[in-house]
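K.L.:
See final_14.cif below, with mmCIF, C-alpha atoms.
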```cif
data_model
loop_
_atom_site.group_PDB
_atom_site.id
_atom_site.type_symbol
_atom_site.label_atom_id
_atom_site.label_comp_id
_atom_site.auth_asym_id
_atom_site.auth_seq_id
_atom_site.Cartn_x
_atom_site.Cartn_y
_atom_site.Cartn_z
ATOM 1 C CA MET B 1345 -76.766 32.172 251.916
ATOM 2 C CA SER B 1346 -73.910 30.391 250.216
ATOM 3 C CA ASN B 1347 -71.438 28.425 252.304
ATOM 4 C CA SER B 1348 -68.543 29.753 250.245
ATOM 5 C CA VAL B 1349 -66.961 32.590 252.184
ATOM 6 C CA PRO B 1350 -64.318 34.718 250.481
ATOM 7 C CA PRO B 1351 -60.963 34.579 252.256
ATOM 8 C CA TYR B 1352 -60.400 37.553 254.509
ATOM 9 C CA ASP B 1353 -57.128 36.340 255.998
ATOM 10 C CA ASN B 1354 -55.428 39.628 256.731
ATOM 11 C CA LEU B 1355 -58.260 41.822 257.914
ATOM 12 C CA PRO B 1356 -57.805 44.024 260.964
ATOM 13 C CA ALA B 1357 -59.753 42.784 263.990
ATOM 14 C CA ASP B 1358 -62.480 45.424 263.711
ATOM 15 C CA LEU B 1359 -63.211 44.557 260.062
ATOM 16 C CA SER B 1360 -63.133 40.837 260.800
ATOM 17 C CA GLN B 1361 -65.691 41.381 263.571
ATOM 18 C CA LEU B 1362 -67.806 43.504 261.234
ATOM 19 C CA ALA B 1363 -67.781 40.760 258.582
ATOM 20 C CA GLN B 1364 -68.850 38.195 261.182
ATOM 21 C CA THR B 1365 -71.635 40.484 262.409
ATOM 22 C CA VAL B 1366 -72.968 40.983 258.877
ATOM 23 C CA ARG B 1367 -72.864 37.209 258.214
ATOM 24 C CA SER B 1368 -74.633 36.487 261.494
ATOM 25 C CA THR B 1369 -77.249 39.152 260.787
ATOM 26 C CA ALA B 1370 -77.896 37.641 257.351
ATOM 27 C CA GLN B 1371 -78.147 34.135 258.828
ATOM 28 C CA THR B 1372 -80.848 35.270 261.284
ATOM 29 C CA ARG B 1373 -82.855 36.421 258.254
ATOM 30 C CA THR B 1374 -82.562 33.146 256.324
ATOM 31 C CA GLY B 1375 -85.706 32.531 254.304
ATOM 32 C CA ASP B 1376 -87.024 36.087 254.773
ATOM 33 C CA CYS B 1377 -86.554 37.703 251.370
ATOM 34 C CA LEU B 1378 -87.745 41.179 252.394
ATOM 35 C CA SER B 1379 -85.544 41.257 255.475
ATOM 36 C CA LEU B 1380 -82.503 40.134 253.465
ATOM 37 C CA LEU B 1381 -83.300 42.767 250.840
ATOM 38 C CA GLU B 1382 -83.373 45.375 253.607
ATOM 39 C CA LEU B 1383 -79.896 44.241 254.717
ATOM 40 C CA LEU B 1384 -78.576 44.395 251.137
ATOM 41 C CA ARG B 1385 -80.001 47.898 250.709
ATOM 42 C CA LEU B 1386 -78.301 49.012 253.908
ATOM 43 C CA LEU B 1387 -74.950 47.581 252.787
ATOM 44 C CA ASP B 1388 -75.349 49.261 249.401
ATOM 45 C CA GLN B 1389 -76.189 52.585 251.068
ATOM 46 C CA LEU B 1390 -73.174 52.310 253.386
ATOM 47 C CA HIS B 1391 -70.923 51.458 250.426
ATOM 48 C CA TYR B 1392 -71.933 54.613 248.553
ATOM 49 C CA GLU B 1393 -71.832 56.757 251.683
ATOM 50 C CA ILE B 1394 -68.253 55.715 252.517
ATOM 51 C CA ARG B 1395 -67.119 55.915 248.894
ATOM 52 C CA ASP B 1396 -68.556 59.376 248.287
ATOM 53 C CA THR B 1397 -67.244 60.948 251.497
ATOM 54 C CA LEU B 1398 -64.404 59.405 253.472
ATOM 55 C CA PHE B 1399 -62.849 57.396 250.636
ATOM 56 C CA ARG B 1400 -62.959 60.239 248.150
ATOM 57 C CA ASP B 1401 -61.365 62.575 250.701
ATOM 58 C CA ALA B 1402 -58.595 60.000 251.341
ATOM 59 C CA LEU B 1403 -57.588 59.533 247.694
ATOM 60 C CA PRO B 1404 -53.871 59.960 246.993
ATOM 61 C CA ASP B 1405 -52.485 63.421 246.501
ATOM 62 C CA ASN B 1406 -49.051 62.407 245.244
ATOM 63 C CA ARG B 1407 -47.485 59.817 242.937
ATOM 64 C CA GLN B 1408 -46.107 57.575 245.685
ATOM 65 C CA ARG B 1409 -49.483 57.210 247.375
ATOM 66 C CA LEU B 1410 -51.183 56.688 244.026
ATOM 67 C CA TYR B 1411 -48.686 53.946 243.200
ATOM 68 C CA ARG B 1412 -49.373 52.203 246.558
ATOM 69 C CA LEU B 1413 -53.122 52.408 245.951
ATOM 70 C CA LEU B 1414 -52.866 50.994 242.426
ATOM 71 C CA LYS B 1415 -50.496 48.253 243.586
ATOM 72 C CA ASP B 1416 -52.948 47.258 246.338
ATOM 73 C CA ILE B 1417 -55.858 47.235 243.888
ATOM 74 C CA GLU B 1418 -53.884 44.984 241.550
ATOM 75 C CA GLN B 1419 -52.690 42.578 244.264
ATOM 76 C CA GLU B 1420 -55.790 42.403 246.449
ATOM 77 C CA GLY B 1421 -58.516 41.956 243.884
ATOM 78 C CA GLY B 1422 -59.537 45.200 242.333
ATOM 79 C CA TRP B 1423 -62.074 47.857 243.017
ATOM 80 C CA PRO B 1424 -64.959 47.161 245.439
ATOM 81 C CA TYR B 1425 -68.275 46.735 243.688
ATOM 82 C CA ILE B 1426 -71.691 45.645 244.893
ATOM 83 C CA LYS B 1427 -73.336 43.661 242.132
ATOM 84 C CA ARG B 1428 -77.103 43.822 241.866
ATOM 85 C CA MET B 1429 -79.250 40.872 240.874
ATOM 86 C CA LYS B 1430 -80.817 41.348 237.474
ATOM 87 C CA LEU B 1431 -84.578 41.032 237.165
ATOM 88 C CA ILE B 1432 -84.154 38.284 234.577
ATOM 89 C CA GLN B 1433 -82.376 36.167 237.220
ATOM 90 C CA LEU B 1434 -85.305 36.664 239.584
ATOM 91 C CA ILE B 1435 -87.780 35.673 236.871
ATOM 92 C CA GLU B 1436 -85.719 32.583 235.993
ATOM 93 C CA HIS B 1437 -85.689 31.610 239.682
ATOM 94 C CA LEU B 1438 -89.474 31.949 239.787
ATOM 95 C CA ASP B 1439 -89.791 29.835 236.630
ATOM 96 C CA GLU B 1440 -87.596 27.103 238.169
ATOM 97 C CA ASN B 1441 -89.740 27.010 241.304
ATOM 98 C CA SER B 1442 -92.906 26.996 239.225
ATOM 99 C CA ASP B 1443 -91.604 24.003 237.218
ATOM 100 C CA ASP B 1444 -90.744 22.155 240.446
ATOM 101 C CA GLU B 1445 -94.229 22.751 241.868
ATOM 102 C CA SER B 1446 -95.888 21.611 238.607
ATOM 103 C CA ALA B 1447 -93.912 18.384 238.626
ATOM 104 C CA GLU B 1448 -95.062 17.618 242.170
ATOM 105 C CA GLY B 1449 -98.710 18.039 241.233
ATOM 106 C CA PRO B 1450 -101.465 19.196 243.547
ATOM 107 C CA GLY B 1451 -100.684 18.880 247.254
#
```
Would it be possible to restate this file's structure as structure tokens?
P.N.:
Amino acid sequence: MSNSVPPYDNLPADLSQLAQTVRSTAQTRTGDCLSLLELLRLLDQLHYEIRDTLFRDALPDNRQRLYRLLKDIEQEGGWPYIKRMKLIQLIEHLDENSDDESAEGPG
């Protein structure tokens, strides 16, 4: 996991604790690709579940609320999105490791 952590300066306490729990959970799975993939799938599933139910139901129903939502999106970094790794990136990673192993020669 990368050491660069996005700034979450103004999060409510419950979300800050949640972020720390997710980071800690990921750290305990360091080096275990399948376990980390399971965590990513869970986060993706939760993202869609919240978006398609609670968030959709909470969307603005008047111009003032819509304006506040759009202003927040503009100021705080846009729309949430979970980016998926492309297969080509995985293949390139495998090629890099294969080149490293070839350079080392037989063990």
K.L.:
Just checking: using only C-alpha atoms, which residue out of B:Leu1414, B:Ala1370, B:Ala1357, B:Ala1402 ends up closest to Leu1384 (chain B)?
P.N.:
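Of B:Leu1414, B:Ala1370, B:Ala1357, B:Ala1402, the one nearest Leu1384 (chain B) is B:Ala1370, counting only C-alpha atoms.
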K.L.:
Hey, what's within 12 Å of Arg1428 (chain B) if we count all atoms listed in the file and toss same-chain stuff fewer than 6 positions away? As a PDB file with C-alpha atoms, in the coordinates of the input, please?
P.N.:
```
ATOM      1  CA  LEU B1381     -83.300  42.767 250.840  1.00  0.00           C
ATOM      2  CA  LEU B1384     -78.576  44.395 251.137  1.00  0.00           C
ATOM      3  CA  ARG B1385     -80.001  47.898 250.709  1.00  0.00           C
ATOM      4  CA  LEU B1387     -74.950  47.581 252.787  1.00  0.00           C
ATOM      5  CA  ASP B1388     -75.349  49.261 249.401  1.00  0.00           C
ATOM      6  CA  LEU B1434     -85.305  36.664 239.584  1.00  0.00           C
TER       7      LEU B1434
END
```
K.L.:
Could you jot down the CA of Gly1375 (chain B) to CA of Pro1424 (chain B) separation for me, Å, one decimal place?
P.N.:
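Atom-to-atom, CA of Gly1375 (chain B) to CA of Pro1424 (chain B), that is 26.9 Å.
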K.L.:
What's the separation between CA of Leu1410 (chain B) and CA of Leu1359 (chain B), in Å to one decimal place?
P.N.:
23.4 Å
K.L.:
To one decimal in Å, tell me the separation between CA of Lys1430 (chain B) and CA of Arg1400 (chain B).
P.N.:
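For CA of Lys1430 (chain B) relative to CA of Arg1400 (chain B), the distance reads 28.1 Å.
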K.L.:
Because some atoms of region 1375-1404 of chain B are absent here, can you restore N, CA and C atoms and send them as a PDB file, in the coordinates of the input?
P.N.:
```
ATOM      1  N   GLY B1375     -84.343  32.830 254.732  1.00  0.00           N
ATOM      2  CA  GLY B1375     -85.706  32.531 254.304  1.00  0.00           C
ATOM      3  C   GLY B1375     -86.626  33.738 254.258  1.00  0.00           C
ATOM      4  N   ASP B1376     -86.201  34.881 254.756  1.00  0.00           N
ATOM      5  CA  ASP B1376     -87.024  36.087 254.773  1.00  0.00           C
ATOM      6  C   ASP B1376     -86.498  37.053 253.712  1.00  0.00           C
ATOM      7  N   CYS B1377     -87.030  36.936 252.521  1.00  0.00           N
ATOM      8  CA  CYS B1377     -86.554  37.703 251.370  1.00  0.00           C
ATOM      9  C   CYS B1377     -86.572  39.208 251.630  1.00  0.00           C
ATOM     10  N   LEU B1378     -87.650  39.731 252.179  1.00  0.00           N
ATOM     11  CA  LEU B1378     -87.745  41.179 252.394  1.00  0.00           C
ATOM     12  C   LEU B1378     -86.742  41.663 253.426  1.00  0.00           C
ATOM     13  N   SER B1379     -86.510  40.884 254.455  1.00  0.00           N
ATOM     14  CA  SER B1379     -85.544  41.257 255.475  1.00  0.00           C
ATOM     15  C   SER B1379     -84.120  41.212 254.934  1.00  0.00           C
ATOM     16  N   LEU B1380     -83.819  40.206 254.105  1.00  0.00           N
ATOM     17  CA  LEU B1380     -82.503  40.134 253.465  1.00  0.00           C
ATOM     18  C   LEU B1380     -82.317  41.282 252.473  1.00  0.00           C
ATOM     19  N   LEU B1381     -83.363  41.633 251.759  1.00  0.00           N
ATOM     20  CA  LEU B1381     -83.300  42.767 250.840  1.00  0.00           C
ATOM     21  C   LEU B1381     -83.022  44.058 251.606  1.00  0.00           C
ATOM     22  N   GLU B1382     -83.624  44.205 252.763  1.00  0.00           N
ATOM     23  CA  GLU B1382     -83.373  45.375 253.607  1.00  0.00           C
ATOM     24  C   GLU B1382     -81.892  45.437 254.009  1.00  0.00           C
ATOM     25  N   LEU B1383     -81.312  44.294 254.368  1.00  0.00           N
ATOM     26  CA  LEU B1383     -79.896  44.241 254.717  1.00  0.00           C
ATOM     27  C   LEU B1383     -79.027  44.612 253.514  1.00  0.00           C
ATOM     28  N   LEU B1384     -79.344  44.066 252.343  1.00  0.00           N
ATOM     29  CA  LEU B1384     -78.576  44.395 251.137  1.00  0.00           C
ATOM     30  C   LEU B1384     -78.673  45.880 250.802  1.00  0.00           C
ATOM     31  N   ARG B1385     -79.844  46.458 250.971  1.00  0.00           N
ATOM     32  CA  ARG B1385     -80.001  47.898 250.709  1.00  0.00           C
ATOM     33  C   ARG B1385     -79.157  48.728 251.671  1.00  0.00           C
ATOM     34  N   LEU B1386     -79.115  48.303 252.921  1.00  0.00           N
ATOM     35  CA  LEU B1386     -78.301  49.012 253.908  1.00  0.00           C
ATOM     36  C   LEU B1386     -76.821  48.927 253.540  1.00  0.00           C
ATOM     37  N   LEU B1387     -76.353  47.736 253.179  1.00  0.00           N
ATOM     38  CA  LEU B1387     -74.950  47.581 252.787  1.00  0.00           C
ATOM     39  C   LEU B1387     -74.623  48.425 251.552  1.00  0.00           C
ATOM     40  N   ASP B1388     -75.530  48.451 250.601  1.00  0.00           N
ATOM     41  CA  ASP B1388     -75.349  49.261 249.401  1.00  0.00           C
ATOM     42  C   ASP B1388     -75.270  50.745 249.767  1.00  0.00           C
ATOM     43  N   GLN B1389     -76.169  51.186 250.636  1.00  0.00           N
ATOM     44  CA  GLN B1389     -76.189  52.585 251.068  1.00  0.00           C
ATOM     45  C   GLN B1389     -74.892  52.941 251.792  1.00  0.00           C
ATOM     46  N   LEU B1390     -74.422  52.060 252.669  1.00  0.00           N
ATOM     47  CA  LEU B1390     -73.174  52.310 253.386  1.00  0.00           C
ATOM     48  C   LEU B1390     -71.979  52.366 252.430  1.00  0.00           C
ATOM     49  N   HIS B1391     -71.982  51.478 251.433  1.00  0.00           N
ATOM     50  CA  HIS B1391     -70.923  51.458 250.426  1.00  0.00           C
ATOM     51  C   HIS B1391     -70.821  52.825 249.740  1.00  0.00           C
ATOM     52  N   TYR B1392     -71.938  53.317 249.257  1.00  0.00           N
ATOM     53  CA  TYR B1392     -71.933  54.613 248.553  1.00  0.00           C
ATOM     54  C   TYR B1392     -71.596  55.759 249.494  1.00  0.00           C
ATOM     55  N   GLU B1393     -72.103  55.700 250.707  1.00  0.00           N
ATOM     56  CA  GLU B1393     -71.832  56.757 251.683  1.00  0.00           C
ATOM     57  C   GLU B1393     -70.331  56.855 251.982  1.00  0.00           C
ATOM     58  N   ILE B1394     -69.690  55.728 252.226  1.00  0.00           N
ATOM     59  CA  ILE B1394     -68.253  55.715 252.517  1.00  0.00           C
ATOM     60  C   ILE B1394     -67.461  56.139 251.289  1.00  0.00           C
ATOM     61  N   ARG B1395     -67.837  55.601 250.132  1.00  0.00           N
ATOM     62  CA  ARG B1395     -67.119  55.915 248.894  1.00  0.00           C
ATOM     63  C   ARG B1395     -67.181  57.400 248.570  1.00  0.00           C
ATOM     64  N   ASP B1396     -68.359  57.994 248.720  1.00  0.00           N
ATOM     65  CA  ASP B1396     -68.556  59.376 248.287  1.00  0.00           C
ATOM     66  C   ASP B1396     -68.097  60.414 249.300  1.00  0.00           C
ATOM     67  N   THR B1397     -67.704  59.989 250.487  1.00  0.00           N
ATOM     68  CA  THR B1397     -67.244  60.948 251.497  1.00  0.00           C
ATOM     69  C   THR B1397     -65.823  60.610 251.932  1.00  0.00           C
ATOM     70  N   LEU B1398     -65.693  59.708 252.861  1.00  0.00           N
ATOM     71  CA  LEU B1398     -64.404  59.405 253.472  1.00  0.00           C
ATOM     72  C   LEU B1398     -63.379  58.881 252.470  1.00  0.00           C
ATOM     73  N   PHE B1399     -63.793  57.958 251.595  1.00  0.00           N
ATOM     74  CA  PHE B1399     -62.849  57.396 250.636  1.00  0.00           C
ATOM     75  C   PHE B1399     -62.385  58.449 249.636  1.00  0.00           C
ATOM     76  N   ARG B1400     -63.320  59.192 249.122  1.00  0.00           N
ATOM     77  CA  ARG B1400     -62.959  60.239 248.150  1.00  0.00           C
ATOM     78  C   ARG B1400     -61.992  61.243 248.771  1.00  0.00           C
ATOM     79  N   ASP B1401     -62.238  61.612 250.015  1.00  0.00           N
ATOM     80  CA  ASP B1401     -61.365  62.575 250.701  1.00  0.00           C
ATOM     81  C   ASP B1401     -59.978  61.991 250.965  1.00  0.00           C
ATOM     82  N   ALA B1402     -59.866  60.654 251.024  1.00  0.00           N
ATOM     83  CA  ALA B1402     -58.595  60.000 251.341  1.00  0.00           C
ATOM     84  C   ALA B1402     -57.795  59.612 250.100  1.00  0.00           C
ATOM     85  N   LEU B1403     -58.306  59.909 248.913  1.00  0.00           N
ATOM     86  CA  LEU B1403     -57.588  59.533 247.694  1.00  0.00           C
ATOM     87  C   LEU B1403     -56.200  60.168 247.664  1.00  0.00           C
ATOM     88  N   PRO B1404     -55.261  59.488 247.013  1.00  0.00           N
ATOM     89  CA  PRO B1404     -53.871  59.960 246.993  1.00  0.00           C
ATOM     90  C   PRO B1404     -53.725  61.361 246.411  1.00  0.00           C
TER      91      PRO B1404
END
```
